[in-house]
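The structure file work-v2.json is reproduced below (JSON, C-alpha atoms).
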```json
[["chain", "number", "residue", "atom", "x", "y", "z"],
["A", 1, "MET", "CA", 65.11, 44.44, 126.98],
["A", 2, "PRO", "CA", 68.01, 45.89, 128.99],
["A", 3, "VAL", "CA", 69.83, 48.89, 127.50],
["A", 4, "ALA", "CA", 73.16, 47.04, 127.22],
["A", 5, "ALA", "CA", 71.55, 44.28, 125.19],
["A", 6, "ARG", "CA", 70.01, 46.61, 122.60],
["A", 7, "ARG", "CA", 71.72, 46.79, 119.28],
["A", 8, "LEU", "CA", 72.38, 50.14, 117.66],
["A", 9, "PRO", "CA", 71.38, 50.47, 114.04],
["A", 10, "SER", "CA", 74.28, 50.18, 111.58],
["A", 11, "TRP", "CA", 74.06, 53.87, 110.60],
["A", 12, "ALA", "CA", 74.81, 54.85, 114.25],
["A", 13, "TRP", "CA", 78.11, 52.98, 114.14],
["A", 14, "VAL", "CA", 79.06, 54.67, 110.87],
["A", 15, "THR", "CA", 78.20, 58.11, 112.31],
["A", 16, "GLY", "CA", 80.25, 57.41, 115.42],
["A", 17, "LEU", "CA", 83.23, 56.18, 113.40],
["A", 18, "THR", "CA", 83.02, 59.19, 111.08],
["A", 19, "ALA", "CA", 82.95, 61.62, 114.00],
["A", 20, "GLY", "CA", 85.90, 59.83, 115.60],
["A", 21, "ALA", "CA", 87.87, 59.97, 112.36],
["A", 22, "ILE", "CA", 87.19, 63.71, 112.00],
["A", 23, "VAL", "CA", 88.48, 64.33, 115.54],
["A", 24, "VAL", "CA", 91.68, 62.38, 114.80],
["A", 25, "VAL", "CA", 92.26, 64.23, 111.50],
["A", 26, "VAL", "CA", 91.75, 67.62, 113.18],
["A", 27, "ALA", "CA", 94.15, 66.70, 116.00],
["A", 28, "LEU", "CA", 96.81, 65.55, 113.52],
["A", 29, "THR", "CA", 96.35, 68.71, 111.45],
["A", 30, "VAL", "CA", 96.85, 70.91, 114.51],
["A", 31, "GLU", "CA", 100.02, 69.00, 115.42],
["A", 32, "ALA", "CA", 101.33, 69.27, 111.85],
["A", 33, "ASP", "CA", 100.75, 73.05, 111.84],
["A", 34, "LYS", "CA", 103.09, 73.35, 114.83],
["A", 35, "GLY", "CA", 106.01, 72.31, 112.64],
["A", 36, "PRO", "CA", 108.43, 69.44, 113.15],
["A", 37, "HIS", "CA", 109.01, 68.02, 116.58],
["A", 38, "PRO", "CA", 111.91, 69.89, 118.25],
["A", 39, "THR", "CA", 114.01, 66.72, 118.39],
["A", 40, "ALA", "CA", 113.41, 65.72, 114.75],
["A", 41, "LYS", "CA", 116.52, 65.81, 112.59],
["A", 42, "ALA", "CA", 116.67, 67.93, 109.45],
["A", 43, "THR", "CA", 116.97, 64.76, 107.33],
["A", 44, "GLY", "CA", 113.53, 63.67, 108.42],
["A", 45, "ALA", "CA", 114.81, 60.66, 110.37],
["A", 46, "LYS", "CA", 112.86, 59.75, 113.44],
["A", 47, "PRO", "CA", 114.49, 60.62, 116.75],
["A", 48, "SER", "CA", 116.02, 57.82, 118.76],
["A", 49, "ALA", "CA", 114.31, 56.60, 121.90],
["A", 50, "SER", "CA", 116.82, 58.42, 124.09],
["A", 51, "ALA", "CA", 116.36, 61.68, 122.18],
["A", 52, "SER", "CA", 112.61, 61.67, 122.58],
["A", 53, "ALA", "CA", 112.88, 60.68, 126.23],
["A", 54, "ASP", "CA", 115.21, 63.63, 126.89],
["A", 55, "ALA", "CA", 112.97, 66.17, 125.16],
["A", 56, "LYS", "CA", 110.98, 67.71, 128.00],
["A", 57, "PRO", "CA", 109.22, 71.07, 127.94],
["A", 58, "SER", "CA", 110.96, 73.73, 129.95],
["A", 59, "ALA", "CA", 109.09, 74.82, 133.05],
["A", 60, "SER", "CA", 110.80, 78.21, 133.23],
["A", 61, "PRO", "CA", 110.74, 80.93, 130.57],
["A", 62, "ALA", "CA", 113.88, 81.95, 128.73],
["A", 63, "PRO", "CA", 115.95, 84.49, 130.67],
["A", 64, "THR", "CA", 115.33, 88.11, 129.72],
["A", 65, "PRO", "CA", 118.33, 90.26, 128.85],
["A", 66, "LYS", "CA", 119.46, 92.57, 131.61],
["A", 67, "ALA", "CA", 118.47, 96.19, 131.02],
["A", 68, "ALA", "CA", 121.23, 98.74, 130.52],
["A", 69, "PRO", "CA", 121.93, 100.47, 133.86],
["A", 70, "VAL", "CA", 121.24, 104.17, 134.32],
["A", 71, "PRO", "CA", 124.53, 106.06, 133.79],
["A", 72, "ASP", "CA", 126.22, 107.03, 137.08],
["A", 73, "GLU", "CA", 126.81, 110.64, 136.02],
["A", 74, "SER", "CA", 123.12, 111.25, 135.24],
["A", 75, "GLY", "CA", 122.15, 112.95, 138.51],
["A", 76, "THR", "CA", 119.47, 111.90, 140.97],
["A", 77, "GLY", "CA", 115.71, 112.07, 141.34],
["A", 78, "ARG", "CA", 112.93, 111.83, 138.78],
["A", 79, "ARG", "CA", 114.38, 112.54, 135.34],
["A", 80, "ILE", "CA", 114.77, 111.62, 131.69],
["A", 81, "VAL", "CA", 118.32, 110.52, 130.91],
["A", 82, "TYR", "CA", 119.65, 110.61, 127.35],
["A", 83, "SER", "CA", 123.02, 109.05, 126.49],
["A", 84, "LEU", "CA", 124.62, 110.38, 123.32],
["A", 85, "GLY", "CA", 127.09, 107.48, 123.10],
["A", 86, "GLN", "CA", 124.52, 104.75, 123.65],
["A", 87, "ASP", "CA", 121.62, 106.39, 121.73],
["A", 88, "ARG", "CA", 119.49, 105.36, 124.71],
["A", 89, "VAL", "CA", 116.90, 106.99, 126.98],
["A", 90, "TRP", "CA", 115.96, 106.06, 130.55],
["A", 91, "LEU", "CA", 112.82, 107.17, 132.40],
["A", 92, "VAL", "CA", 113.98, 107.33, 136.02],
["A", 93, "ASP", "CA", 111.67, 107.54, 139.07],
["A", 94, "ALA", "CA", 112.28, 109.70, 142.15],
["A", 95, "ASP", "CA", 113.88, 106.68, 143.87],
["A", 96, "ASP", "CA", 116.50, 106.52, 141.06],
["A", 97, "ALA", "CA", 115.07, 103.30, 139.58],
["A", 98, "ALA", "CA", 114.65, 103.11, 135.82],
["A", 99, "ARG", "CA", 110.98, 102.61, 134.89],
["A", 100, "ARG", "CA", 111.80, 102.09, 131.23],
["A", 101, "THR", "CA", 114.77, 102.25, 128.89],
["A", 102, "PHE", "CA", 114.92, 102.13, 125.11],
["A", 103, "THR", "CA", 117.15, 102.99, 122.17],
["A", 104, "VAL", "CA", 116.55, 106.04, 120.01],
["A", 105, "TRP", "CA", 117.55, 107.35, 116.58],
["A", 106, "PRO", "CA", 119.16, 110.78, 116.92],
["A", 107, "GLY", "CA", 118.96, 113.61, 114.41],
["A", 108, "THR", "CA", 122.04, 115.30, 112.96],
["A", 109, "VAL", "CA", 122.39, 117.88, 115.77],
["A", 110, "ASP", "CA", 123.08, 116.53, 119.26],
["A", 111, "PRO", "CA", 122.19, 118.48, 122.39],
["A", 112, "ALA", "CA", 125.03, 119.62, 124.63],
["A", 113, "VAL", "CA", 125.90, 117.45, 127.62],
["A", 114, "GLY", "CA", 124.22, 118.85, 130.72],
["A", 115, "SER", "CA", 120.96, 119.38, 132.62],
["A", 116, "PHE", "CA", 117.79, 120.70, 130.98],
["A", 117, "THR", "CA", 114.05, 120.72, 131.61],
["A", 118, "VAL", "CA", 111.13, 119.92, 129.34],
["A", 119, "SER", "CA", 110.16, 123.36, 128.08],
["A", 120, "LEU", "CA", 107.38, 122.63, 125.58],
["A", 121, "ARG", "CA", 105.18, 119.73, 124.52],
["A", 122, "LYS", "CA", 103.26, 119.36, 121.25],
["A", 123, "ASP", "CA", 100.81, 116.58, 120.43],
["A", 124, "ALA", "CA", 101.73, 116.38, 116.74],
["A", 125, "THR", "CA", 103.32, 118.29, 113.88],
["A", 126, "THR", "CA", 105.49, 117.77, 110.81],
["A", 127, "GLY", "CA", 109.18, 117.30, 111.59],
["A", 128, "SER", "CA", 111.91, 119.30, 109.88],
["A", 129, "ASP", "CA", 112.49, 116.21, 107.74],
["A", 130, "GLY", "CA", 108.88, 116.25, 106.48],
["A", 131, "VAL", "CA", 107.78, 113.24, 108.55],
["A", 132, "GLN", "CA", 104.51, 113.40, 110.53],
["A", 133, "ILE", "CA", 105.51, 113.13, 114.21],
["A", 134, "GLU", "CA", 103.75, 113.01, 117.58],
["A", 135, "HIS", "CA", 104.57, 113.17, 121.30],
["A", 136, "ILE", "CA", 107.07, 115.99, 120.80],
["A", 137, "ILE", "CA", 108.95, 116.97, 123.96],
["A", 138, "TYR", "CA", 111.31, 119.95, 123.53],
["A", 139, "PHE", "CA", 114.15, 120.37, 126.01],
["A", 140, "SER", "CA", 117.10, 122.13, 124.33],
["A", 141, "ALA", "CA", 118.36, 124.08, 121.32],
["A", 142, "LYS", "CA", 121.78, 124.14, 119.70],
["A", 143, "SER", "CA", 123.02, 126.20, 116.75],
["A", 144, "GLY", "CA", 119.48, 127.45, 116.14],
["A", 145, "VAL", "CA", 118.06, 123.91, 115.98],
["A", 146, "ASN", "CA", 115.41, 122.84, 118.50],
["A", 147, "ILE", "CA", 116.15, 119.50, 120.16],
["A", 148, "ALA", "CA", 113.16, 117.30, 121.00],
["A", 149, "PHE", "CA", 112.12, 113.71, 121.59],
["A", 150, "SER", "CA", 109.39, 112.41, 119.27],
["A", 151, "ASN", "CA", 108.13, 109.42, 117.35],
["A", 152, "ALA", "CA", 106.92, 109.15, 113.78],
["A", 153, "VAL", "CA", 103.14, 108.74, 113.57],
["A", 154, "ASP", "CA", 103.60, 105.69, 111.32],
["A", 155, "GLY", "CA", 106.28, 104.24, 113.64],
["A", 156, "SER", "CA", 109.05, 104.50, 111.04],
["A", 157, "SER", "CA", 112.51, 105.91, 111.55],
["A", 158, "PRO", "CA", 113.84, 107.23, 108.25],
["A", 159, "PRO", "CA", 117.45, 108.36, 108.23],
["A", 160, "PRO", "CA", 117.91, 112.15, 108.55],
["A", 161, "ALA", "CA", 117.95, 114.00, 105.24],
["A", 162, "SER", "CA", 121.46, 114.40, 103.90],
["A", 163, "GLY", "CA", 122.87, 117.82, 104.74],
["A", 164, "ALA", "CA", 119.81, 118.84, 106.80],
["A", 165, "GLN", "CA", 120.16, 119.92, 110.42],
["A", 166, "THR", "CA", 117.60, 118.00, 112.45],
["A", 167, "GLY", "CA", 117.23, 117.94, 116.23],
["A", 168, "GLY", "CA", 114.57, 115.25, 116.46],
["A", 169, "ILE", "CA", 115.46, 112.28, 118.64],
["A", 170, "ARG", "CA", 113.13, 109.58, 117.32],
["A", 171, "MET", "CA", 111.98, 106.44, 119.05],
["A", 172, "PRO", "CA", 109.53, 103.59, 118.49],
["A", 173, "LYS", "CA", 105.87, 104.53, 118.85],
["A", 174, "ALA", "CA", 105.27, 102.71, 122.17],
["A", 175, "ASP", "CA", 108.35, 104.32, 123.71],
["A", 176, "GLY", "CA", 107.20, 107.73, 122.45],
["A", 177, "ALA", "CA", 103.87, 107.24, 124.23],
["A", 178, "ALA", "CA", 105.65, 106.20, 127.45],
["A", 179, "LEU", "CA", 107.97, 109.23, 127.30],
["A", 180, "TRP", "CA", 104.99, 111.51, 126.63],
["A", 181, "ALA", "CA", 103.22, 110.18, 129.74],
["A", 182, "PHE", "CA", 106.39, 110.56, 131.85],
["A", 183, "GLY", "CA", 107.82, 113.87, 130.58],
["A", 184, "ALA", "CA", 105.53, 116.68, 131.74],
["A", 185, "THR", "CA", 106.64, 120.30, 131.29],
["A", 186, "GLY", "CA", 109.37, 120.99, 133.85],
["A", 187, "THR", "CA", 110.64, 117.38, 134.00],
["A", 188, "ASN", "CA", 114.43, 117.23, 134.34],
["A", 189, "VAL", "CA", 116.37, 115.96, 131.32],
["A", 190, "ARG", "CA", 119.98, 114.94, 131.80],
["A", 191, "VAL", "CA", 122.15, 114.51, 128.70],
["A", 192, "VAL", "CA", 125.31, 112.42, 129.22],
["A", 193, "GLU", "CA", 128.12, 111.23, 126.97]]
```
Exercise: express the given structure as structure tokens:
Amino acid sequence: MPVAARRLPSWAWVTGLTAGAIVVVVALTVEADKGPHPTAKATGAKPSASASADAKPSASPAPTPKAAPVPDESGTGRRIVYSLGQDRVWLVDADDAARRTFTVWPGTVDPAVGSFTVSLRKDATTGSDGVQIEHIIYFSAKSGVNIAFSNAVDGSSPPPASGAQTGGIRMPKADGAALWAFGATGTNVRVVE
């Protein structure tokens, strides 16, 4: 008897239908987990034919925000630039291109505007505010307070203690690691308004 003419037992059809139904249920569940269709209205009404025809996936990613430019008055060459007014740091290569920029949370004592160099690096310690910190890069002192970049070990940024004089310039953990890798002893630090 040819293969096409053979009849499958009834249990084979049931097994095939069950497997097919499971595949459909799984596919619908995955779609439902994605949330409502982007063109669906909040009322739950189905989109019109023209609305669903216009809904096409975008081929290009969303535009990324333009990075803040390195301040003009920050010098030249490989350096760390810290803007007091913007609470922002730039890691600048020898060709004057910013490798990375990020915002920071300053302490209560700001460094003076001017040029400095990284004078000391410490892997980890306890900050003057009692927070465990790492990637400490000292570059200045003012009014007896050491000024340094660092990040909290737990990634937090608590506000400086009221009335305490702190010179820690804190940043997110990933930015602290990047600054640590960039800012060897002797690296220029330029502080601008």
Spatial neighbours of segment 97-109 of chain A, 6 Å, only C-alpha atoms, chain gap at least 2 places, as a PyMOL selection string: chain A and resi 87-93+95+165-171
Which residues, written as a VMD selection string, have at least one atom at most 10 Å from segment 145-151 of chain A, with only C-alpha atoms counted and residues fewer than 4 positions away on the same chain left out? chain A and resid 82 89 104 to 112 118 to 124 127 to 128 131 to 141 155 to 157 165 to 177 179 to 180 183
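Distances here use all atoms listed in the file; by that measure, the residue among A:Asp72, A:Asn188, A:Lys142, A:Val153 closest to Ala94 of chain A is A:Asn188.
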Tell me which of A:Val81, A:Val113, A:Ala152, A:Ala68 sits closest to Glu193 of chain A, counting all atoms listed in the file.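 Of A:Val81, A:Val113, A:Ala152, A:Ala68, the one nearest Glu193 of chain A, counting all atoms listed in the file, is A:Val113.
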State, in Å with one decimal place, the distance from atom CA of Leu84 of chain A to atom CA of Ala181 of chain A.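 Going from atom CA of Leu84 of chain A over to atom CA of Ala181 of chain A, I get 22.3 Å.
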Measure the distance from atom CA of Val189 of chain A to atom CA of Arg78 of chain A in Å and round it to one decimal. 9.2 Å
Between atom CA of Ser83 of chain A and atom CA of Thr185 of chain A, what is the distance in Å, rounded to a tenth? 20.4 Å
